[in-house]
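Shown here: final_37.tsv, TSV, C-alpha atoms.
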```tsv
chain	number	residue	atom	x	y	z
A	914	MET	CA	63.29	157.46	-133.67
A	915	ILE	CA	61.57	155.46	-130.96
A	916	TYR	CA	59.36	158.44	-130.08
A	917	LEU	CA	58.32	158.82	-133.71
A	918	ALA	CA	57.45	155.13	-133.79
A	919	TYR	CA	55.35	155.62	-130.64
A	920	VAL	CA	53.42	158.50	-132.24
A	921	ILE	CA	52.83	156.58	-135.48
A	922	VAL	CA	51.63	153.42	-133.73
A	923	ALA	CA	49.45	155.42	-131.30
A	924	ALA	CA	47.89	157.25	-134.26
A	925	GLY	CA	47.19	153.89	-135.89
A	926	VAL	CA	45.49	152.63	-132.72
A	927	VAL	CA	43.31	155.76	-132.61
A	928	PHE	CA	42.38	155.55	-136.30
A	929	LEU	CA	41.40	151.89	-136.16
A	930	SER	CA	39.56	152.34	-132.87
A	931	VAL	CA	37.53	155.22	-134.29
A	932	LYS	CA	36.65	153.10	-137.32
A	933	ALA	CA	35.58	150.29	-135.00
A	934	SER	CA	33.42	152.78	-133.08
A	935	GLU	CA	31.80	153.87	-136.33
A	936	TYR	CA	30.84	150.28	-137.10
A	937	VAL	CA	29.41	149.88	-133.61
A	938	ASP	CA	27.44	153.09	-134.17
A	939	LEU	CA	26.04	151.58	-137.37
A	940	ILE	CA	24.98	148.52	-135.39
A	941	ASP	CA	23.25	150.91	-132.96
A	942	LYS	CA	21.38	152.55	-135.82
A	943	THR	CA	20.36	149.31	-137.51
A	944	THR	CA	19.30	147.32	-134.43
A	945	SER	CA	16.99	147.84	-131.46
A	946	LEU	CA	19.65	147.39	-128.76
A	947	SER	CA	19.46	149.81	-125.79
A	948	GLY	CA	21.75	152.84	-125.54
A	949	ALA	CA	23.16	151.67	-122.21
A	950	PHE	CA	24.09	148.31	-123.73
A	951	ILE	CA	25.61	149.89	-126.86
A	952	GLY	CA	27.69	152.40	-124.91
A	953	GLY	CA	28.44	150.47	-121.74
A	954	ILE	CA	29.19	147.06	-123.21
A	955	LEU	CA	29.68	147.03	-127.00
A	956	LEU	CA	31.41	150.37	-127.55
A	957	SER	CA	33.37	150.22	-124.30
A	958	ALA	CA	34.65	146.75	-125.19
A	959	VAL	CA	35.75	147.98	-128.62
A	960	THR	CA	37.56	151.06	-127.35
A	961	SER	CA	39.13	149.03	-124.52
A	962	LEU	CA	40.79	146.55	-126.88
A	963	PRO	CA	44.09	148.49	-126.71
A	964	GLU	CA	44.10	148.30	-122.90
A	965	LEU	CA	43.32	144.60	-123.09
A	966	PHE	CA	46.16	143.58	-125.35
A	967	THR	CA	48.75	146.04	-124.07
A	968	SER	CA	48.08	144.83	-120.51
A	969	ILE	CA	48.26	141.15	-121.46
A	970	SER	CA	51.45	141.82	-123.45
A	971	SER	CA	53.12	143.73	-120.61
A	972	THR	CA	52.58	140.82	-118.21
A	973	LEU	CA	52.96	137.70	-120.36
A	974	PHE	CA	55.64	138.88	-122.79
A	975	LEU	CA	57.52	141.56	-120.84
A	976	ASN	CA	56.97	140.32	-117.25
A	977	GLN	CA	56.07	143.90	-116.24
A	978	PRO	CA	52.95	143.79	-114.03
A	979	GLY	CA	53.66	147.39	-113.00
A	980	LEU	CA	53.08	148.50	-116.59
A	981	CYS	CA	49.77	146.64	-116.61
A	982	ILE	CA	48.25	148.11	-113.45
A	983	GLY	CA	49.66	151.55	-114.31
A	984	ASN	CA	48.05	151.29	-117.74
A	985	ILE	CA	44.63	150.36	-116.34
A	986	LEU	CA	44.54	152.87	-113.48
A	987	GLY	CA	46.03	155.58	-115.71
A	988	SER	CA	43.48	154.92	-118.45
A	989	ASN	CA	40.58	155.04	-116.02
A	990	LEU	CA	41.64	158.34	-114.47
A	991	PHE	CA	42.37	159.87	-117.89
A	992	ASN	CA	39.01	158.66	-119.24
A	993	ILE	CA	36.92	160.19	-116.48
A	994	ALA	CA	38.94	163.42	-116.44
A	995	MET	CA	38.49	163.96	-120.19
A	996	LEU	CA	34.78	163.14	-119.91
A	997	SER	CA	34.49	165.75	-117.15
A	998	LEU	CA	36.13	168.37	-119.37
A	999	LEU	CA	33.60	167.61	-122.10
A	1000	VAL	CA	30.77	167.99	-119.57
A	1001	LEU	CA	32.14	171.40	-118.56
A	1002	PHE	CA	32.14	172.51	-122.20
A	1003	SER	CA	28.59	171.19	-122.72
A	1004	ILE	CA	26.92	172.09	-119.43
A	1005	LYS	CA	23.48	173.17	-120.67
A	1006	PRO	CA	22.85	170.48	-123.32
A	1007	PHE	CA	24.25	167.82	-121.00
A	1008	GLY	CA	21.94	169.07	-118.25
A	1009	ASN	CA	18.93	168.70	-120.55
A	1010	SER	CA	19.87	165.22	-121.72
A	1011	LYS	CA	18.32	161.91	-120.66
A	1012	LEU	CA	20.66	159.32	-119.14
A	1013	SER	CA	20.12	155.65	-118.40
A	1014	ALA	CA	19.61	154.86	-114.71
A	1015	SER	CA	22.12	152.00	-115.00
A	1016	HIS	CA	25.00	154.50	-115.26
A	1017	ASN	CA	24.67	155.05	-111.50
A	1018	ILE	CA	24.95	151.31	-110.78
A	1019	THR	CA	27.90	150.97	-113.17
A	1020	THR	CA	29.72	153.85	-111.47
A	1021	ILE	CA	29.16	152.24	-108.07
A	1022	CYS	CA	30.60	148.98	-109.42
A	1023	VAL	CA	33.67	150.87	-110.67
A	1024	PHE	CA	34.13	152.40	-107.22
A	1025	MET	CA	33.80	149.00	-105.56
A	1026	CYS	CA	36.57	147.68	-107.83
A	1027	TYR	CA	38.79	150.53	-106.64
A	1028	GLY	CA	37.88	149.57	-103.08
A	1029	ALA	CA	38.87	145.94	-103.66
A	1030	ILE	CA	42.29	147.01	-105.02
A	1031	ILE	CA	42.81	149.38	-102.08
A	1032	LEU	CA	42.05	146.52	-99.68
A	1033	ASN	CA	44.56	144.41	-101.60
A	1034	LYS	CA	47.17	147.14	-101.09
A	1035	LEU	CA	46.35	147.18	-97.37
A	1036	GLY	CA	46.86	143.42	-97.18
A	1037	VAL	CA	43.19	142.56	-96.60
A	1038	LEU	CA	42.31	141.03	-100.00
A	1039	ASN	CA	45.77	139.92	-101.12
A	1040	GLY	CA	45.04	136.22	-100.69
A	1041	GLN	CA	44.90	133.83	-103.64
A	1042	ILE	CA	42.88	130.85	-104.82
A	1043	LEU	CA	45.42	128.78	-106.75
A	1044	THR	CA	47.22	131.61	-108.60
A	1045	ILE	CA	44.21	133.95	-108.87
A	1046	SER	CA	43.89	136.87	-106.45
A	1047	ILE	CA	40.70	137.20	-104.42
A	1048	THR	CA	40.67	140.83	-105.60
A	1049	SER	CA	40.34	139.66	-109.21
A	1050	ILE	CA	37.42	137.41	-108.32
A	1051	ILE	CA	35.61	140.31	-106.60
A	1052	ILE	CA	36.21	142.50	-109.67
A	1053	LEU	CA	34.65	139.81	-111.88
A	1054	VAL	CA	31.57	139.79	-109.65
A	1055	PHE	CA	31.10	143.56	-109.83
A	1056	TYR	CA	31.56	143.57	-113.60
A	1057	GLY	CA	28.84	140.95	-113.86
A	1058	ILE	CA	26.52	143.14	-111.79
A	1059	GLY	CA	27.25	146.22	-113.88
A	1060	ALA	CA	26.86	144.34	-117.18
A	1061	LYS	CA	23.52	142.91	-116.05
A	1062	PHE	CA	22.08	146.35	-115.32
A	1063	MET	CA	23.46	147.86	-118.53
A	1064	SER	CA	22.01	145.04	-120.62
A	1065	ALA	CA	18.56	145.35	-119.06
A	1066	ASP	CA	18.34	149.15	-118.96
A	1067	ASN	CA	16.10	150.97	-121.42
A	1068	GLY	CA	15.44	153.90	-119.10
A	1069	ALA	CA	16.81	156.76	-121.17
A	1070	GLU	CA	14.64	158.32	-123.79
A	1071	PRO	CA	16.18	158.21	-127.25
A	1072	GLN	CA	18.01	161.34	-128.34
A	1073	GLU	CA	16.30	163.44	-130.95
A	1074	ALA	CA	17.76	162.81	-134.38
A	1075	ALA	CA	17.56	164.87	-137.51
A	1076	PRO	CA	15.27	163.44	-140.22
A	1077	GLN	CA	17.20	161.37	-142.73
A	1078	SER	CA	16.40	161.43	-146.43
A	1079	THR	CA	18.89	158.63	-147.17
A	1080	PRO	CA	19.58	155.30	-145.47
A	1081	VAL	CA	22.04	155.24	-142.57
A	1082	THR	CA	24.36	152.95	-144.54
A	1083	THR	CA	24.37	150.85	-147.68
A	1084	LEU	CA	26.26	148.09	-145.84
A	1085	THR	CA	24.48	144.99	-144.65
A	1086	LEU	CA	24.77	143.88	-141.02
A	1087	LYS	CA	27.10	141.04	-142.08
A	1088	GLN	CA	29.37	143.49	-143.92
A	1089	ILE	CA	29.50	145.80	-140.89
A	1090	ILE	CA	30.44	142.92	-138.60
A	1091	PHE	CA	33.09	141.66	-141.05
A	1092	ARG	CA	34.75	145.09	-141.26
A	1093	PHE	CA	34.53	145.44	-137.50
A	1094	VAL	CA	36.42	142.15	-137.05
A	1095	LEU	CA	39.16	143.23	-139.50
A	1096	VAL	CA	39.62	146.56	-137.71
A	1097	SER	CA	39.71	144.80	-134.33
A	1098	ILE	CA	42.52	142.52	-135.53
A	1099	GLY	CA	44.49	145.59	-136.55
A	1100	ILE	CA	43.93	147.14	-133.10
A	1101	ILE	CA	45.23	143.97	-131.45
A	1102	GLY	CA	48.43	143.97	-133.50
A	1103	LEU	CA	49.24	147.65	-132.94
A	1104	SER	CA	48.41	147.40	-129.24
A	1105	ILE	CA	51.02	144.69	-128.77
A	1106	VAL	CA	53.59	146.75	-130.68
A	1107	ILE	CA	52.99	149.87	-128.59
A	1108	THR	CA	53.58	147.84	-125.42
A	1109	TYR	CA	57.12	147.00	-126.51
A	1110	ILE	CA	57.76	150.60	-127.55
A	1111	THR	CA	56.54	151.86	-124.16
A	1112	ASP	CA	58.80	149.44	-122.34
A	1113	ALA	CA	61.77	150.69	-124.39
A	1114	ILE	CA	60.89	154.33	-123.65
A	1115	ALA	CA	60.51	153.62	-119.93
A	1116	THR	CA	63.97	152.00	-119.90
A	1117	ARG	CA	65.55	154.84	-121.85
A	1118	LEU	CA	64.05	157.56	-119.62
A	1119	ASN	CA	64.51	155.51	-116.42
A	1120	LEU	CA	60.80	155.83	-115.60
A	1121	GLY	CA	58.99	153.68	-113.08
A	1122	ALA	CA	56.62	151.09	-114.50
A	1123	GLY	CA	53.57	152.78	-112.95
A	1124	LEU	CA	54.39	156.21	-114.42
A	1125	ALA	CA	55.29	154.79	-117.83
A	1126	GLY	CA	52.10	152.72	-117.85
A	1127	ALA	CA	49.95	155.68	-116.81
A	1128	ILE	CA	51.37	158.18	-119.30
A	1129	PHE	CA	52.63	156.33	-122.36
A	1130	LEU	CA	50.30	153.33	-122.23
A	1131	GLY	CA	47.38	154.79	-120.27
A	1132	VAL	CA	46.96	157.91	-122.39
A	1133	ALA	CA	47.67	156.21	-125.73
A	1134	THR	CA	45.20	153.40	-125.13
A	1135	SER	CA	42.58	155.90	-123.86
A	1136	LEU	CA	42.64	157.94	-127.06
A	1137	PRO	CA	40.01	155.69	-128.69
A	1138	GLU	CA	37.59	156.35	-125.81
A	1139	LEU	CA	38.34	160.07	-126.02
A	1140	SER	CA	37.86	160.22	-129.79
A	1141	SER	CA	34.57	158.32	-129.75
A	1142	THR	CA	33.27	160.31	-126.76
A	1143	ILE	CA	34.05	163.66	-128.40
A	1144	SER	CA	32.18	162.47	-131.48
A	1145	LEU	CA	29.18	161.37	-129.38
A	1146	PHE	CA	29.12	164.70	-127.53
A	1147	HIS	CA	29.17	166.47	-130.89
A	1148	MET	CA	26.12	164.40	-131.89
A	1149	LYS	CA	24.56	165.21	-128.47
A	1150	ASN	CA	24.30	161.50	-127.72
A	1151	TYR	CA	25.34	161.92	-124.09
A	1152	ASN	CA	23.78	158.67	-122.94
A	1153	ILE	CA	26.04	156.44	-125.04
A	1154	ALA	CA	29.01	158.76	-124.34
A	1155	ILE	CA	28.62	158.33	-120.57
A	1156	GLY	CA	28.07	154.61	-120.97
A	1157	ASN	CA	31.19	154.36	-123.13
A	1158	ILE	CA	33.49	155.89	-120.50
A	1159	ILE	CA	31.99	154.30	-117.39
A	1160	GLY	CA	31.63	150.97	-119.15
A	1161	SER	CA	35.23	151.19	-120.37
A	1162	ASN	CA	36.49	151.90	-116.85
A	1163	LEU	CA	34.61	148.87	-115.52
A	1164	PHE	CA	35.81	146.73	-118.44
A	1165	ASN	CA	39.39	147.84	-117.74
A	1166	PHE	CA	39.21	146.27	-114.30
A	1167	ILE	CA	38.19	143.01	-115.97
A	1168	ILE	CA	41.44	143.30	-117.94
A	1169	LEU	CA	43.32	143.36	-114.63
A	1170	SER	CA	41.53	140.18	-113.62
A	1171	LEU	CA	42.34	138.48	-116.92
A	1172	ALA	CA	45.99	139.52	-116.68
A	1173	ASP	CA	46.05	138.12	-113.14
A	1174	ILE	CA	44.63	134.80	-114.35
A	1175	PHE	CA	47.25	134.45	-117.09
A	1176	TYR	CA	50.17	135.82	-115.07
A	1177	VAL	CA	51.79	133.05	-113.02
A	1178	GLY	CA	55.06	134.85	-112.26
A	1179	GLY	CA	53.66	136.65	-109.24
A	1180	THR	CA	50.86	139.10	-108.46
A	1181	ILE	CA	49.49	141.55	-110.97
A	1182	TYR	CA	48.78	144.00	-108.15
A	1183	ASP	CA	52.22	145.58	-108.09
A	1184	PHE	CA	52.37	148.70	-105.90
A	1185	SER	CA	56.16	149.10	-105.89
A	1186	ASP	CA	55.93	152.32	-107.92
A	1187	PRO	CA	54.60	155.27	-105.82
A	1188	LYS	CA	52.83	156.61	-108.94
A	1189	THR	CA	50.65	153.51	-108.97
A	1190	ILE	CA	49.47	154.28	-105.45
A	1191	SER	CA	48.82	157.88	-106.51
A	1192	LEU	CA	46.73	156.67	-109.46
A	1193	LEU	CA	44.75	154.39	-107.15
A	1194	PHE	CA	44.05	157.19	-104.66
A	1195	PHE	CA	42.98	159.84	-107.17
A	1196	GLY	CA	40.95	157.36	-109.24
A	1197	ALA	CA	39.09	156.23	-106.12
A	1198	LEU	CA	38.41	159.89	-105.30
A	1199	ALA	CA	37.29	160.91	-108.80
A	1200	THR	CA	34.78	158.06	-109.23
A	1201	PRO	CA	32.39	159.02	-106.38
A	1202	LEU	CA	32.58	162.62	-107.61
A	1203	PHE	CA	31.24	161.41	-110.93
A	1204	LEU	CA	28.53	159.47	-109.15
A	1205	LEU	CA	27.54	162.68	-107.33
A	1206	LEU	CA	27.35	164.43	-110.70
A	1207	LEU	CA	24.92	161.80	-111.98
A	1208	ARG	CA	22.87	161.80	-108.78
A	1209	PHE	CA	22.50	165.59	-108.54
A	1210	LYS	CA	21.65	165.76	-112.22
A	1211	SER	CA	18.85	163.26	-111.66
A	1212	ARG	CA	17.49	165.19	-108.66
A	1213	LYS	CA	17.38	168.39	-110.66
A	1214	ASN	CA	15.13	166.75	-113.23
A	1215	ASN	CA	17.86	166.81	-115.86
A	1216	ARG	CA	18.33	170.58	-115.61
A	1217	PHE	CA	21.48	172.55	-114.90
A	1218	SER	CA	22.82	172.43	-111.35
A	1219	THR	CA	25.91	173.68	-109.52
A	1220	ALA	CA	27.10	170.08	-109.14
A	1221	GLN	CA	27.55	169.93	-112.92
A	1222	VAL	CA	30.39	172.41	-112.48
A	1223	LEU	CA	31.89	171.48	-109.12
A	1224	CYS	CA	32.01	167.70	-109.63
A	1225	PRO	CA	33.72	167.80	-113.06
A	1226	LEU	CA	36.18	170.40	-111.76
A	1227	GLY	CA	36.99	168.13	-108.83
A	1228	ILE	CA	37.59	165.19	-111.18
A	1229	VAL	CA	39.91	167.23	-113.41
A	1230	ALA	CA	41.73	168.37	-110.25
A	1231	CYS	CA	42.26	164.70	-109.36
A	1232	TYR	CA	44.06	164.09	-112.65
A	1233	ILE	CA	46.17	167.21	-112.19
A	1234	GLY	CA	46.89	166.05	-108.64
A	1235	PHE	CA	48.23	162.74	-109.96
A	1236	LEU	CA	50.54	164.58	-112.38
A	1237	VAL	CA	52.01	166.92	-109.78
A	1238	VAL	CA	52.15	164.73	-106.64
```
Can you present the structure in this file as structure tokens?
Amino acid sequence: MIYLAYVIVAAGVVFLSVKASEYVDLIDKTTSLSGAFIGGILLSAVTSLPELFTSISSTLFLNQPGLCIGNILGSNLFNIAMLSLLVLFSIKPFGNSKLSASHNITTICVFMCYGAIILNKLGVLNGQILTISITSIIILVFYGIGAKFMSADNGAEPQEAAPQSTPVTTLTLKQIIFRFVLVSIGIIGLSIVITYITDAIATRLNLGAGLAGAIFLGVATSLPELSSTISLFHMKNYNIAIGNIIGSNLFNFIILSLADIFYVGGTIYDFSDPKTISLLFFGALATPLFLLLLRFKSRKNNRFSTAQVLCPLGIVACYIGFLVV
């Protein structure tokens, strides 16, 4: 029965997250905001709501910091692996697409966050100011850098859109925002529920917190990113799709920082589960591979290159490596 409840609640999270993404898409179509900002900040924040509230719940309500860090690292690795699969299935159109230059900076910021956590694991950045880890402060700095570049970037040319004979929507901007808020509240409620269900499943199956967080929480809370990204790839809006995933991964690290600020029972950077260390290693390896994909794509003047095959394959291999190691 508990597994059925997990499936039902996870499906509810996906449905509401997709609806929220649709409202964000309407905001994109009815305003002049840049694609990098829409994908990297607005849409990524919407689709990362499940990670936010499941992570806060697992620390404040369940006193399970291992679930929190497993959720975040698992979500990030799952996100980038699924994005890489989509790139492999859309090699030529992706190669011909225009991407915002800020995606490179955002990816570097994501990698630097991984580096800060690795240094924490090695005992270099495990100090605290009051009850807040120095690692969390560094993550906040890199998110600020990434957000600044995403907000200011208008470098990508707009994607070609089919002529429309009817308006994008009959809803006013106020109505779109109101519905977005209602859907977001629903996401918050279901995200908290799925945290308790995951904790019960982990106890029943005798799973470590890192593995349970990576699989049951990490995958479930990443389904909104996956659903919205598949839809954007279908619309050939690769710029916002890339910004959504990379922005979500960077935003997820902010969630770790927030959980660390609110959690006073110890450190949020719990590496007691070997699977957490595995997630950290493979995530840190997959991120520079994605940066290479973006860099080689830029050097080839947005045309197909061998790196568009090798880099995504390497990223997918990292996720498989986490599952089998």
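Each of A:Val1054, A:Val1238, A:Val926, A:Ile1030 was compared to Pro1187 of chain A using all atoms listed in the file, and A:Val1238 turns out to be the nearest.
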Checklist outcome for this item: Restricting to only C-alpha atoms, whichever of A:Pro978, A:Gly1028, A:Gly1160, A:Gly1234 is closest to Asp1173 of chain A is A:Pro978
Next on the checklist: Can you measure atom CA of Ala1172 of chain A to atom CA of Ser997 of chain A for me? One decimal in Å is fine.
Outcome noted: 28.6 Å
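From atom CA of Met1025 of chain A back to atom CA of Leu1136 of chain A, the distance works out to 24.9 Å.
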Could the residues of segment 964-993 of chain A that have an atom at most 9 Å from segment 1195-1212 of chain A be listed as CSV, each with its closest atom pair and the distance in Å to one decimal, counting all atoms listed in the file and ordered by chain and ascending residue number?
```
residue,atom,partner,partner_atom,distance
A:Leu986,CA,A:Gly1196,CA,7.1
A:Gly987,CA,A:Gly1196,CA,8.4
A:Asn989,CA,A:Gly1196,CA,7.2
A:Leu990,CA,A:Gly1196,CA,5.4
A:Ile993,CA,A:Ala1199,CA,7.7
```
Checklist entry - Taking (37.7, 143.5, -134.4) in the file's coordinates, which residues come within 12 Å, counting all atoms listed in the file, written as a ChimeraX atom specification? => result /A:929-934,936-937,955-956,958-963,1089-1102
Checklist entry - With distances taken over all atoms listed in the file, which of A:Phe1166, A:Phe991, A:Tyr1109, A:Phe1062 is nearest to Ser1013 of chain A? => result A:Phe1062
Checklist outcome for this item: Across A:Leu999, A:Thr967, A:Phe1007, A:Gly1179, the smallest distance to Tyr1151 of chain A, with all atoms listed in the file counted, is shown by A:Phe1007
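Residue nearest Leu1171 of chain A, chosen from A:Thr1111, A:Ser957, A:Asn1119, A:Ser1049 and counting only C-alpha atoms: A:Ser1049.
You will find atom CA of Cys1022 of chain A at 9.9 Å from atom CA of Asn1162 of chain A.
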For Val1229 of chain A, work out the shell of residues within 8 Å, counting only C-alpha atoms and skipping chain neighbours fewer than 4 positions away, then give it as a short mmCIF file (atom, residue, chain, number, x, y, z; two decimals) with C-alpha atoms, in the coordinates of the input.
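The result, written out as out_35.cif:
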```
data_model
loop_
_atom_site.label_atom_id
_atom_site.label_comp_id
_atom_site.auth_asym_id
_atom_site.auth_seq_id
_atom_site.Cartn_x
_atom_site.Cartn_y
_atom_site.Cartn_z
CA ALA A 994 38.94 163.42 -116.44
CA MET A 995 38.49 163.96 -120.19
CA SER A 997 34.49 165.75 -117.15
CA LEU A 998 36.13 168.37 -119.37
CA PRO A 1225 33.72 167.80 -113.06
CA ILE A 1233 46.17 167.21 -112.19
#
```
